[in-house]
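Contents: one structure, followed by commentary.
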Amino acid sequence: MFIGLYNYWVVIVLMMVGFYIVIAHGNLIKKIVGLSIFQTSVFIFYISMAKVDGGSAPILADEINQYSNPLPQVLILTAIVVGIATTALALALAVRIKEAYGSIEEDEIQKQDNLD
Amino acid sequence: MIVHLPILQVIIPLMAAPLCLLLTRPRLAWLFSLIASGLAFLISGMLLQQVMTSGTIIYEMGGWEAPWGIEYRIDQLNALLLLIISALSTIVLFAAETSIHKEIPADKHTLFYVLYLLSLAAMLGIVATGDAFNVFVFLEISSLSAYALIALGQDRRALWASYQYLIMGTIGATFILIGIGLMYQMTGTLNMYDLSIRLPEVAQTRTVFTAFAFVIVGICLKLAMFPLHLWLPNAYAYAPSIVTAFFAATATKVAIYLLIRFTFSVFGLSFSFTHLPLQLLFVTLGLVGVFVASTAAIYQTNVKHLFAYSSIAQIGYMIVGFSISTAAGLTATLLHLFNHALMKGALFLALGAVMYRIGSTQLSNFQGLGRQMPVTMAAIVIGGLSLIGVPLTVGFVSKWYLVLAVIENGWWPVAVLILAGSLLAIVYVWRIVEVAYFKPALAGTETIQEAPLSFLIPVWTLVIANIYFGIDTRLSVQVAQAASQSLFGVSP
């Protein structure tokens, strides 16, 4: 049960760790890190489900007769690109927020907004 | 050529976006984007006509047959949504050049059009595609460009609103990705039509229930359904006026489309509504959303905030129509979707005109505007009446169909609550009217003039559409009914 589904347990743990960081931390950079971990867990999930025990990459060769499913890996390549774009944009926003507010702490920013 | 319309619809704005970068003169970039968006509008009109006469259009990308290749599947529902998005985008874009002149630094104008076109292309893509993973990719393109567009707002709070939207939006999109992964795990397909055939076979597994939960929660985050709406008010209020008008009219509609598509087509009506207490959940959340958001709207001091909360309330109505899960209820939702795009497009664009002239949308600055900017304010009043649901405006038509559908289902208390919700709309619209028409103008504002024509033409186009479709409902009702019936026809 545990060993057989090892990857999936890792996925769940990472997902919860990432999600918790996004919710619980007030620091904008830490939130972005949490978000990245959260997304990465989904990548691992896709890769894990595509793996066939003993399966190889889908190459046409005589000695290979069992293949892993390549499609989820392709999908995840796309999702990784999306993830990088999101992280880059979020970091850029964090820089701009730091310039505008002088802080990257959520409560500090909220306090300044309430004053306006 | 005519065969390739479904893909041209998406590819024209998608290709136009990078080409915009080459046009160094912002005015040229604006004209170019206007043409691209206008072409998308023309194509969507042709597609709708084609679908209404000869049924669903299936386009196989690169000649690869589905489910191996990606297919674009345009039925009545998609065609209606494509038309709404491209039409509103074109009308809003008409005013863009004037509006961003005052709100965005000059060196960013070209980039603004690039982002705008990307966002448009992605929204059209979400609607046109028949592939679940493609939906995720387009969803992220539209969201990423949305975050950047919102961050272009003048106020520094725009940055903070954009950041919060980014966090919520990414969580939502990742939830959808998890859901799609689980569906793929169970069925081995990503094609929506194929999924709808294969999912019932495995419907009673925990994996499919989990997939459903992830997809629905993810979409509801994007949709700003109460109680997942917290990102929306600030994002709308601090974004540049044009961006607000564009997103208020289109972005949430795309999310509603996804909700309908996944519950009715992909998972199927019987799975979505009989195995799960979705009906009770959605009708409750929809109604609570109407009341909480309408009440919040009454207490806002910024008119953009006010209408943003009103948008959340209107989403509540759409959710109520959706939760009835009958053809009549769905028709009401689709009608309201169409009508709400017209109302909010007109209102936020008119607010853009106010922003252009007085540089603020604080309610206190609206004093005396009824006399200084009579044409713009008249548009806001008519848009407001439509929001309330006064006869002869589109708002009345969709509320009428919604109440009828609810009563047909025997939900009398819900019908009463819907009407009570409209009373709250009277209160918040009245607040604007009172300030604009019955208070003396502030000192030093005598020089304020009527908004320029580049605003008045698109605003009044939308206002006239509000009245026209409120009187002549043939087109909108016919298409909405055809769309909802096709969904009920297909679903197992």
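For the structure tokens, the naming scheme is as follows: chains receive sequential letters (A, B, ...) according to their order of presentation, residues are indexed from 1 within each chain, and ligands are indexed from 1 in presentation order.
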
Quick one: everything within 10 Å of stretch 102-108 of chain A, counting only C-alpha atoms, minus sequence neighbours fewer than 4 positions away in the same chain. Send it as a PDB file with N, CA, C and O atoms, in the first residue's frame.
ATOM      1  N   HIS A  25       1.654  31.767   5.063  1.00  0.00           N
ATOM      2  CA  HIS A  25       2.743  32.739   5.145  1.00  0.00           C
ATOM      3  C   HIS A  25       2.344  34.108   4.613  1.00  0.00           C
ATOM      4  O   HIS A  25       1.631  34.210   3.614  1.00  0.00           O
ATOM      5  N   GLY A  26       2.835  35.133   5.281  1.00  0.00           N
ATOM      6  CA  GLY A  26       2.508  36.500   4.881  1.00  0.00           C
ATOM      7  C   GLY A  26       3.556  37.099   3.967  1.00  0.00           C
ATOM      8  O   GLY A  26       3.342  38.150   3.371  1.00  0.00           O
ATOM      9  N   ASN A  27       4.690  36.433   3.850  1.00  0.00           N
ATOM     10  CA  ASN A  27       5.772  36.953   3.013  1.00  0.00           C
ATOM     11  C   ASN A  27       5.519  36.592   1.548  1.00  0.00           C
ATOM     12  O   ASN A  27       5.300  35.429   1.219  1.00  0.00           O
ATOM     13  N   LEU A  28       5.552  37.598   0.681  1.00  0.00           N
ATOM     14  CA  LEU A  28       5.165  37.353  -0.704  1.00  0.00           C
ATOM     15  C   LEU A  28       6.072  36.332  -1.396  1.00  0.00           C
ATOM     16  O   LEU A  28       5.609  35.523  -2.192  1.00  0.00           O
ATOM     17  N   ILE A  29       7.372  36.393  -1.111  1.00  0.00           N
ATOM     18  CA  ILE A  29       8.291  35.460  -1.764  1.00  0.00           C
ATOM     19  C   ILE A  29       8.008  34.037  -1.293  1.00  0.00           C
ATOM     20  O   ILE A  29       7.971  33.096  -2.093  1.00  0.00           O
ATOM     21  N   LYS A  30       7.762  33.890   0.012  1.00  0.00           N
ATOM     22  CA  LYS A  30       7.473  32.548   0.530  1.00  0.00           C
ATOM     23  C   LYS A  30       6.205  31.998  -0.094  1.00  0.00           C
ATOM     24  O   LYS A  30       6.109  30.814  -0.397  1.00  0.00           O
ATOM     25  N   ALA A  94       6.282  41.034  -7.201  1.00  0.00           N
ATOM     26  CA  ALA A  94       6.818  41.229  -5.854  1.00  0.00           C
ATOM     27  C   ALA A  94       7.835  42.366  -5.845  1.00  0.00           C
ATOM     28  O   ALA A  94       7.857  43.198  -4.930  1.00  0.00           O
ATOM     29  N   VAL A  95       8.660  42.430  -6.907  1.00  0.00           N
ATOM     30  CA  VAL A  95       9.641  43.521  -7.000  1.00  0.00           C
ATOM     31  C   VAL A  95       8.920  44.864  -7.056  1.00  0.00           C
ATOM     32  O   VAL A  95       9.259  45.814  -6.338  1.00  0.00           O
ATOM     33  N   ARG A  96       7.919  44.934  -7.922  1.00  0.00           N
ATOM     34  CA  ARG A  96       7.165  46.193  -8.054  1.00  0.00           C
ATOM     35  C   ARG A  96       6.464  46.553  -6.749  1.00  0.00           C
ATOM     36  O   ARG A  96       6.379  47.729  -6.377  1.00  0.00           O
ATOM     37  N   ILE A  97       5.948  45.549  -6.045  1.00  0.00           N
ATOM     38  CA  ILE A  97       5.270  45.823  -4.775  1.00  0.00           C
ATOM     39  C   ILE A  97       6.268  46.367  -3.758  1.00  0.00           C
ATOM     40  O   ILE A  97       5.988  47.326  -3.047  1.00  0.00           O
ATOM     41  N   LYS A  98       7.452  45.764  -3.750  1.00  0.00           N
ATOM     42  CA  LYS A  98       8.500  46.243  -2.836  1.00  0.00           C
ATOM     43  C   LYS A  98       8.834  47.713  -3.133  1.00  0.00           C
ATOM     44  O   LYS A  98       8.997  48.534  -2.232  1.00  0.00           O
ATOM     45  N   GLN A 112      -0.848  49.604   5.080  1.00  0.00           N
ATOM     46  CA  GLN A 112      -0.675  50.824   4.278  1.00  0.00           C
ATOM     47  C   GLN A 112      -1.897  51.110   3.423  1.00  0.00           C
ATOM     48  O   GLN A 112      -2.289  52.248   3.236  1.00  0.00           O
ATOM     49  N   ASP A 113      -2.507  50.027   2.892  1.00  0.00           N
ATOM     50  CA  ASP A 113      -3.696  50.218   2.064  1.00  0.00           C
ATOM     51  C   ASP A 113      -4.849  50.768   2.879  1.00  0.00           C
ATOM     52  O   ASP A 113      -5.618  51.601   2.403  1.00  0.00           O
TER      53      ASP A 113
ATOM     54  N   TRP B 160      -0.936  45.033  -5.856  1.00  0.00           N
ATOM     55  CA  TRP B 160      -1.320  44.110  -4.792  1.00  0.00           C
ATOM     56  C   TRP B 160      -2.529  43.274  -5.228  1.00  0.00           C
ATOM     57  O   TRP B 160      -2.583  42.070  -5.005  1.00  0.00           O
TER      58      TRP B 160
END

Practice item. Could you pull out the residues in stretch 116-296 of chain B that DSSP calls alpha helix (DSSP H) from the backbone, as a ChimeraX atom specification? Key: /B:116-128,132-151,157-187,192-198,206-223,232-238,241-260,269-274,278-296

Practice item. Restrict the distance test to only C-alpha atoms, flag each residue of chain A within 7 Å of chain B, and return the flagged residues as an MDAnalysis selection string. Key: chainID A and resid 39 42 46 49 82 86 90 93 97 100

Written selection (all heavy atoms) as a compact mmCIF listing (two decimals), in the first residue's frame:
# COMPACT_ATOMS: atom_id res chain seq x y z
N GLN A 39 2.58 23.45 -7.44
CA GLN A 39 2.50 23.09 -8.85
C GLN A 39 3.38 21.89 -9.17
O GLN A 39 2.98 21.01 -9.93
CB GLN A 39 2.92 24.28 -9.72
CG GLN A 39 1.89 25.39 -9.73
CD GLN A 39 2.35 26.54 -10.60
OE1 GLN A 39 3.45 27.03 -10.47
NE2 GLN A 39 1.49 26.98 -11.49
N VAL A 42 1.93 18.52 -8.68
CA VAL A 42 1.04 18.07 -9.76
C VAL A 42 1.85 17.51 -10.92
O VAL A 42 1.46 16.53 -11.55
CB VAL A 42 0.13 19.22 -10.23
CG1 VAL A 42 -0.83 18.74 -11.29
CG2 VAL A 42 -0.63 19.80 -9.07
N TYR A 46 1.45 13.72 -12.58
CA TYR A 46 1.27 13.34 -13.98
C TYR A 46 2.33 12.34 -14.44
O TYR A 46 2.04 11.37 -15.11
CB TYR A 46 1.34 14.59 -14.87
CG TYR A 46 0.01 15.24 -15.16
CD1 TYR A 46 -0.66 15.96 -14.17
CD2 TYR A 46 -0.59 15.15 -16.41
CE1 TYR A 46 -1.87 16.57 -14.43
CE2 TYR A 46 -1.81 15.76 -16.68
CZ TYR A 46 -2.44 16.47 -15.68
OH TYR A 46 -3.64 17.07 -15.95
N MET A 49 1.75 8.79 -13.01
CA MET A 49 0.67 7.96 -13.54
C MET A 49 0.99 7.42 -14.93
O MET A 49 0.41 6.44 -15.36
CB MET A 49 -0.65 8.74 -13.55
CG MET A 49 -0.80 9.74 -14.67
SD MET A 49 -2.32 10.65 -14.41
CE MET A 49 -2.32 11.69 -15.85
N VAL A 82 4.31 26.83 -18.21
CA VAL A 82 3.31 27.70 -17.61
C VAL A 82 3.72 28.06 -16.18
O VAL A 82 3.63 29.22 -15.76
CB VAL A 82 1.93 27.00 -17.61
CG1 VAL A 82 0.93 27.76 -16.77
CG2 VAL A 82 1.41 26.84 -19.02
N THR A 86 4.42 31.74 -14.60
CA THR A 86 3.69 32.24 -13.43
C THR A 86 4.65 32.72 -12.36
O THR A 86 4.48 33.80 -11.80
CB THR A 86 2.79 31.12 -12.86
OG1 THR A 86 2.06 30.53 -13.92
CG2 THR A 86 1.84 31.67 -11.83
N ALA A 90 5.03 36.45 -10.96
CA ALA A 90 4.78 36.72 -9.55
C ALA A 90 5.97 37.42 -8.91
O ALA A 90 5.81 38.37 -8.14
CB ALA A 90 4.49 35.40 -8.82
N LEU A 93 6.06 40.97 -9.97
CA LEU A 93 5.08 41.74 -9.20
C LEU A 93 5.61 42.04 -7.81
O LEU A 93 5.43 43.14 -7.28
CB LEU A 93 3.76 40.98 -9.10
CG LEU A 93 2.82 41.07 -10.30
CD1 LEU A 93 1.64 40.14 -10.09
CD2 LEU A 93 2.35 42.49 -10.50
N ILE A 97 5.95 45.55 -6.05
CA ILE A 97 5.27 45.82 -4.78
C ILE A 97 6.27 46.37 -3.76
O ILE A 97 5.99 47.33 -3.05
CB ILE A 97 4.58 44.54 -4.25
CG1 ILE A 97 3.35 44.23 -5.11
CG2 ILE A 97 4.16 44.69 -2.80
CD1 ILE A 97 2.68 42.92 -4.81
N ALA A 100 6.85 49.91 -4.50
CA ALA A 100 5.73 50.81 -4.24
C ALA A 100 5.39 50.91 -2.76
O ALA A 100 4.99 51.98 -2.28
CB ALA A 100 4.50 50.33 -5.02

Please report as JSON lines every residue of stretch 93-168 of chain B lying within 12 Å of stretch 244-248 of chain B, along with the nearest atom pair and their distance in Å (one decimal), using only C-alpha atoms.
{"residue": "B:Leu93", "atom": "CA", "partner": "B:Phe246", "partner_atom": "CA", "distance": 8.3}
{"residue": "B:Phe94", "atom": "CA", "partner": "B:Phe246", "partner_atom": "CA", "distance": 11.3}
{"residue": "B:Ala95", "atom": "CA", "partner": "B:Ala245", "partner_atom": "CA", "distance": 10.4}
{"residue": "B:Ala96", "atom": "CA", "partner": "B:Phe246", "partner_atom": "CA", "distance": 10.1}
{"residue": "B:Ser99", "atom": "CA", "partner": "B:Ala245", "partner_atom": "CA", "distance": 11.3}
{"residue": "B:Tyr116", "atom": "CA", "partner": "B:Phe246", "partner_atom": "CA", "distance": 9.0}
{"residue": "B:Leu117", "atom": "CA", "partner": "B:Phe246", "partner_atom": "CA", "distance": 11.2}
{"residue": "B:Ser119", "atom": "CA", "partner": "B:Phe247", "partner_atom": "CA", "distance": 9.5}
{"residue": "B:Leu120", "atom": "CA", "partner": "B:Phe246", "partner_atom": "CA", "distance": 9.2}
{"residue": "B:Met123", "atom": "CA", "partner": "B:Phe247", "partner_atom": "CA", "distance": 10.3}
{"residue": "B:Ser142", "atom": "CA", "partner": "B:Phe247", "partner_atom": "CA", "distance": 10.4}
{"residue": "B:Ser143", "atom": "CA", "partner": "B:Phe247", "partner_atom": "CA", "distance": 10.7}
{"residue": "B:Ser145", "atom": "CA", "partner": "B:Phe247", "partner_atom": "CA", "distance": 11.3}
{"residue": "B:Ala146", "atom": "CA", "partner": "B:Phe247", "partner_atom": "CA", "distance": 8.3}
{"residue": "B:Tyr147", "atom": "CA", "partner": "B:Phe247", "partner_atom": "CA", "distance": 11.2}
{"residue": "B:Leu149", "atom": "CA", "partner": "B:Thr244", "partner_atom": "CA", "distance": 9.4}
{"residue": "B:Ile150", "atom": "CA", "partner": "B:Thr244", "partner_atom": "CA", "distance": 8.2}
{"residue": "B:Ala151", "atom": "CA", "partner": "B:Thr244", "partner_atom": "CA", "distance": 11.7}
{"residue": "B:Leu152", "atom": "CA", "partner": "B:Thr244", "partner_atom": "CA", "distance": 11.4}
{"residue": "B:Gly153", "atom": "CA", "partner": "B:Thr244", "partner_atom": "CA", "distance": 10.1}
{"residue": "B:Ala158", "atom": "CA", "partner": "B:Thr244", "partner_atom": "CA", "distance": 11.6}

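Neighbouring residues of B:Leu259 at 8 Å or closer, counting only C-alpha atoms and skipping chain neighbours under 2 positions away, are Ile216, Ile219, Cys220, Ala255, Ile256, Tyr257, Arg261, Phe262 and Thr263 of chain B.
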
Any chance you can output those residues with C-alpha atoms as a tab-separated table (two decimals), in the first residue's frame?
chain	number	residue	atom	x	y	z
B	216	ILE	CA	-15.49	22.44	-10.11
B	219	ILE	CA	-13.52	26.77	-12.08
B	220	CYS	CA	-15.47	28.41	-9.26
B	255	ALA	CA	-15.52	30.58	-16.54
B	256	ILE	CA	-19.30	30.09	-16.53
B	257	TYR	CA	-18.95	28.45	-19.92
B	261	ARG	CA	-19.28	22.50	-20.32
B	262	PHE	CA	-17.75	20.32	-17.63
B	263	THR	CA	-20.92	19.61	-15.66

Practice item. Pick out the residues sitting within 10 Å of B:Phe273, and hand them over as a ChimeraX atom specification; count only C-alpha atoms, and ignore anything fewer than 4 positions along from it in its own chain. Key: /B:263-264,267-269,277-280,323-325

Would you put the residues from that selection into a file with C-alpha atoms, as a short mmCIF file (atom, residue, chain, number, x, y, z; two decimals), in the first residue's frame?
data_model
loop_
_atom_site.label_atom_id
_atom_site.label_comp_id
_atom_site.auth_asym_id
_atom_site.auth_seq_id
_atom_site.Cartn_x
_atom_site.Cartn_y
_atom_site.Cartn_z
CA THR B 263 -20.92 19.61 -15.66
CA PHE B 264 -23.32 19.16 -18.55
CA PHE B 267 -19.38 14.66 -16.65
CA GLY B 268 -22.95 14.55 -17.82
CA LEU B 269 -26.13 15.78 -16.26
CA PRO B 277 -25.84 17.55 -3.83
CA LEU B 278 -24.65 20.10 -6.37
CA GLN B 279 -28.08 21.57 -6.91
CA LEU B 280 -28.66 22.50 -3.28
CA SER B 323 -28.37 24.96 -10.50
CA ILE B 324 -31.97 24.39 -11.64
CA SER B 325 -30.43 21.99 -14.19
#

Check your understanding: Residues at most 8 Å from B:Gln154, counting only C-alpha atoms, excluding those fewer than 3 positions away in the same chain, as a ChimeraX atom specification?
Key -> /B:103-104,158,238-240

Next, write the just-selected residues to a file, as a PDB file, in the first residue's frame, keeping all heavy atoms as the atom set.
ATOM      1  N   GLU B 103      -4.127  56.784 -18.664  1.00  0.00           N
ATOM      2  CA  GLU B 103      -3.981  55.879 -17.527  1.00  0.00           C
ATOM      3  C   GLU B 103      -2.704  55.048 -17.547  1.00  0.00           C
ATOM      4  O   GLU B 103      -2.320  54.502 -16.525  1.00  0.00           O
ATOM      5  CB  GLU B 103      -5.194  54.938 -17.455  1.00  0.00           C
ATOM      6  CG  GLU B 103      -6.464  55.690 -17.112  1.00  0.00           C
ATOM      7  CD  GLU B 103      -7.647  54.760 -16.937  1.00  0.00           C
ATOM      8  OE1 GLU B 103      -7.462  53.676 -16.363  1.00  0.00           O
ATOM      9  OE2 GLU B 103      -8.747  55.119 -17.368  1.00  0.00           O
ATOM     10  N   ILE B 104      -2.082  54.928 -18.718  1.00  0.00           N
ATOM     11  CA  ILE B 104      -0.900  54.067 -18.820  1.00  0.00           C
ATOM     12  C   ILE B 104       0.235  54.883 -19.415  1.00  0.00           C
ATOM     13  O   ILE B 104       0.018  55.629 -20.365  1.00  0.00           O
ATOM     14  CB  ILE B 104      -1.208  52.832 -19.697  1.00  0.00           C
ATOM     15  CG1 ILE B 104      -2.292  51.985 -19.040  1.00  0.00           C
ATOM     16  CG2 ILE B 104       0.038  51.992 -19.930  1.00  0.00           C
ATOM     17  CD1 ILE B 104      -2.768  50.841 -19.871  1.00  0.00           C
ATOM     18  N   ALA B 158      -3.130  48.388  -7.451  1.00  0.00           N
ATOM     19  CA  ALA B 158      -3.310  47.495  -8.595  1.00  0.00           C
ATOM     20  C   ALA B 158      -2.310  46.345  -8.526  1.00  0.00           C
ATOM     21  O   ALA B 158      -2.633  45.203  -8.855  1.00  0.00           O
ATOM     22  CB  ALA B 158      -3.127  48.271  -9.892  1.00  0.00           C
ATOM     23  N   TYR B 238      -8.906  48.477  -9.473  1.00  0.00           N
ATOM     24  CA  TYR B 238      -7.635  49.181  -9.674  1.00  0.00           C
ATOM     25  C   TYR B 238      -7.014  48.952 -11.046  1.00  0.00           C
ATOM     26  O   TYR B 238      -6.027  49.592 -11.388  1.00  0.00           O
ATOM     27  CB  TYR B 238      -6.655  48.806  -8.566  1.00  0.00           C
ATOM     28  CG  TYR B 238      -7.189  49.185  -7.211  1.00  0.00           C
ATOM     29  CD1 TYR B 238      -7.366  48.251  -6.202  1.00  0.00           C
ATOM     30  CD2 TYR B 238      -7.578  50.501  -6.960  1.00  0.00           C
ATOM     31  CE1 TYR B 238      -7.897  48.611  -4.977  1.00  0.00           C
ATOM     32  CE2 TYR B 238      -8.113  50.863  -5.746  1.00  0.00           C
ATOM     33  CZ  TYR B 238      -8.271  49.916  -4.759  1.00  0.00           C
ATOM     34  OH  TYR B 238      -8.815  50.279  -3.563  1.00  0.00           O
ATOM     35  N   ALA B 239      -7.582  48.043 -11.841  1.00  0.00           N
ATOM     36  CA  ALA B 239      -7.065  47.838 -13.187  1.00  0.00           C
ATOM     37  C   ALA B 239      -7.393  49.070 -14.031  1.00  0.00           C
ATOM     38  O   ALA B 239      -8.304  49.825 -13.706  1.00  0.00           O
ATOM     39  CB  ALA B 239      -7.708  46.602 -13.796  1.00  0.00           C
ATOM     40  N   PRO B 240      -6.654  49.295 -15.144  1.00  0.00           N
ATOM     41  CA  PRO B 240      -7.030  50.381 -16.052  1.00  0.00           C
ATOM     42  C   PRO B 240      -8.477  50.187 -16.528  1.00  0.00           C
ATOM     43  O   PRO B 240      -8.934  49.057 -16.663  1.00  0.00           O
ATOM     44  CB  PRO B 240      -6.052  50.209 -17.217  1.00  0.00           C
ATOM     45  CG  PRO B 240      -4.900  49.458 -16.660  1.00  0.00           C
ATOM     46  CD  PRO B 240      -5.441  48.593 -15.575  1.00  0.00           C
TER      47      PRO B 240
END

Practice item. Just the residues within 9 Å of stretch 7-12 of chain A, please, counting only C-alpha atoms, with nothing from its chain fewer than 2 positions along; format it as a list in words. Key: Phe2, Ile3, Gly4, Leu5, Leu14, Met15, Met16, Val17, Thr40, Ser41, Val42, Phe43, Ile44, Phe45, Ser48 and Met49 of chain A

Give me a file of those residues, with C-alpha atoms, as a compact mmCIF listing (two decimals), in the first residue's frame.
# COMPACT_ATOMS: atom_id res chain seq x y z
CA PHE A 2 2.59 2.50 1.09
CA ILE A 3 5.48 1.32 -1.06
CA GLY A 4 3.36 0.67 -4.14
CA LEU A 5 1.87 4.12 -4.03
CA LEU A 14 4.22 18.10 -1.38
CA MET A 15 0.83 19.39 -2.40
CA MET A 16 -0.23 20.00 1.17
CA VAL A 17 3.11 21.54 2.12
CA THR A 40 5.50 20.76 -8.83
CA SER A 41 3.54 18.16 -6.90
CA VAL A 42 1.04 18.07 -9.76
CA PHE A 43 3.87 17.58 -12.24
CA ILE A 44 5.08 14.58 -10.27
CA PHE A 45 1.54 13.28 -10.19
CA SER A 48 3.91 9.01 -11.96
CA MET A 49 0.67 7.96 -13.54

Exercise for review: Report the residues of stretch 8-243 of chain B whose backbone DSSP state falls under strand (DSSP E), written as a list in words.
Suggested key: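 Going through stretch 8-243 of chain B, the strand (DSSP E) residues come out as Ile57, Ile58, Tyr59, Glu60, Glu71, Tyr72, Arg73 and Ile74 of chain B.
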
Go ahead and save the picked residues with all heavy atoms, as a compact mmCIF listing (two decimals), in the first residue's frame.
# COMPACT_ATOMS: atom_id res chain seq x y z
N ILE B 57 -19.91 22.11 -35.63
CA ILE B 57 -18.76 22.08 -36.53
C ILE B 57 -17.61 21.40 -35.80
O ILE B 57 -17.31 21.75 -34.66
CB ILE B 57 -18.31 23.51 -36.90
CG1 ILE B 57 -19.47 24.29 -37.50
CG2 ILE B 57 -17.12 23.48 -37.83
CD1 ILE B 57 -19.17 25.76 -37.65
N ILE B 58 -17.00 20.45 -36.47
CA ILE B 58 -15.84 19.79 -35.87
C ILE B 58 -14.62 20.10 -36.72
O ILE B 58 -14.65 19.91 -37.94
CB ILE B 58 -16.06 18.27 -35.77
CG1 ILE B 58 -17.20 17.99 -34.80
CG2 ILE B 58 -14.78 17.57 -35.32
CD1 ILE B 58 -17.69 16.59 -34.81
N TYR B 59 -13.58 20.61 -36.09
CA TYR B 59 -12.37 20.95 -36.83
C TYR B 59 -11.21 20.15 -36.25
O TYR B 59 -10.93 20.24 -35.05
CB TYR B 59 -12.08 22.45 -36.71
CG TYR B 59 -10.84 22.87 -37.45
CD1 TYR B 59 -10.88 23.10 -38.81
CD2 TYR B 59 -9.64 23.01 -36.77
CE1 TYR B 59 -9.74 23.46 -39.49
CE2 TYR B 59 -8.49 23.38 -37.45
CZ TYR B 59 -8.55 23.60 -38.81
OH TYR B 59 -7.42 23.96 -39.48
N GLU B 60 -10.58 19.36 -37.07
CA GLU B 60 -9.47 18.55 -36.59
C GLU B 60 -8.16 19.27 -36.85
O GLU B 60 -7.81 19.54 -37.99
CB GLU B 60 -9.47 17.18 -37.27
CG GLU B 60 -10.54 16.29 -36.70
CD GLU B 60 -10.90 15.16 -37.64
OE1 GLU B 60 -10.39 15.12 -38.77
OE2 GLU B 60 -11.70 14.31 -37.22
N GLU B 71 -9.15 18.50 -31.23
CA GLU B 71 -10.20 18.97 -32.11
C GLU B 71 -10.85 20.22 -31.52
O GLU B 71 -10.87 20.40 -30.30
CB GLU B 71 -11.25 17.89 -32.36
CG GLU B 71 -12.14 17.63 -31.17
CD GLU B 71 -13.31 16.71 -31.49
OE1 GLU B 71 -13.47 16.32 -32.65
OE2 GLU B 71 -14.06 16.40 -30.56
N TYR B 72 -11.31 21.08 -32.43
CA TYR B 72 -12.12 22.22 -32.01
C TYR B 72 -13.56 21.86 -32.35
O TYR B 72 -13.85 21.44 -33.46
CB TYR B 72 -11.71 23.49 -32.77
CG TYR B 72 -10.52 24.19 -32.17
CD1 TYR B 72 -9.68 23.52 -31.29
CD2 TYR B 72 -10.25 25.51 -32.46
CE1 TYR B 72 -8.60 24.15 -30.73
CE2 TYR B 72 -9.16 26.15 -31.90
CZ TYR B 72 -8.34 25.46 -31.04
OH TYR B 72 -7.27 26.11 -30.49
N ARG B 73 -14.40 21.98 -31.36
CA ARG B 73 -15.79 21.56 -31.57
C ARG B 73 -16.68 22.76 -31.27
O ARG B 73 -16.74 23.23 -30.14
CB ARG B 73 -16.08 20.41 -30.61
CG ARG B 73 -17.40 19.75 -30.78
CD ARG B 73 -17.49 18.59 -29.82
NE ARG B 73 -17.04 17.35 -30.45
CZ ARG B 73 -17.86 16.51 -31.09
NH1 ARG B 73 -19.13 16.76 -31.17
NH2 ARG B 73 -17.39 15.42 -31.64
N ILE B 74 -17.31 23.27 -32.29
CA ILE B 74 -18.15 24.45 -32.10
C ILE B 74 -19.61 24.05 -32.18
O ILE B 74 -20.09 23.68 -33.25
CB ILE B 74 -17.87 25.52 -33.20
CG1 ILE B 74 -16.37 25.68 -33.45
CG2 ILE B 74 -18.55 26.82 -32.87
CD1 ILE B 74 -15.67 26.55 -32.50

Exercise for review: Report the distance between atom CA of B:Gly410 and atom CA of B:Leu337 in Å, rounded to one decimal place.
Suggested key: 23.3 Å

Exercise for review: Would you work out the distance separating atom CA of B:Leu456 from atom CA of B:Val375, expressed in Å to one decimal?
Suggested key: 7.7 Å

Point to revise | Residues within 8 Å of A:Gln73, only C-alpha atoms, excluding chain neighbours under 4 positions, as a list in words | key: Tyr46, Ile47, Ala50, Asn69 and Leu77 of chain A
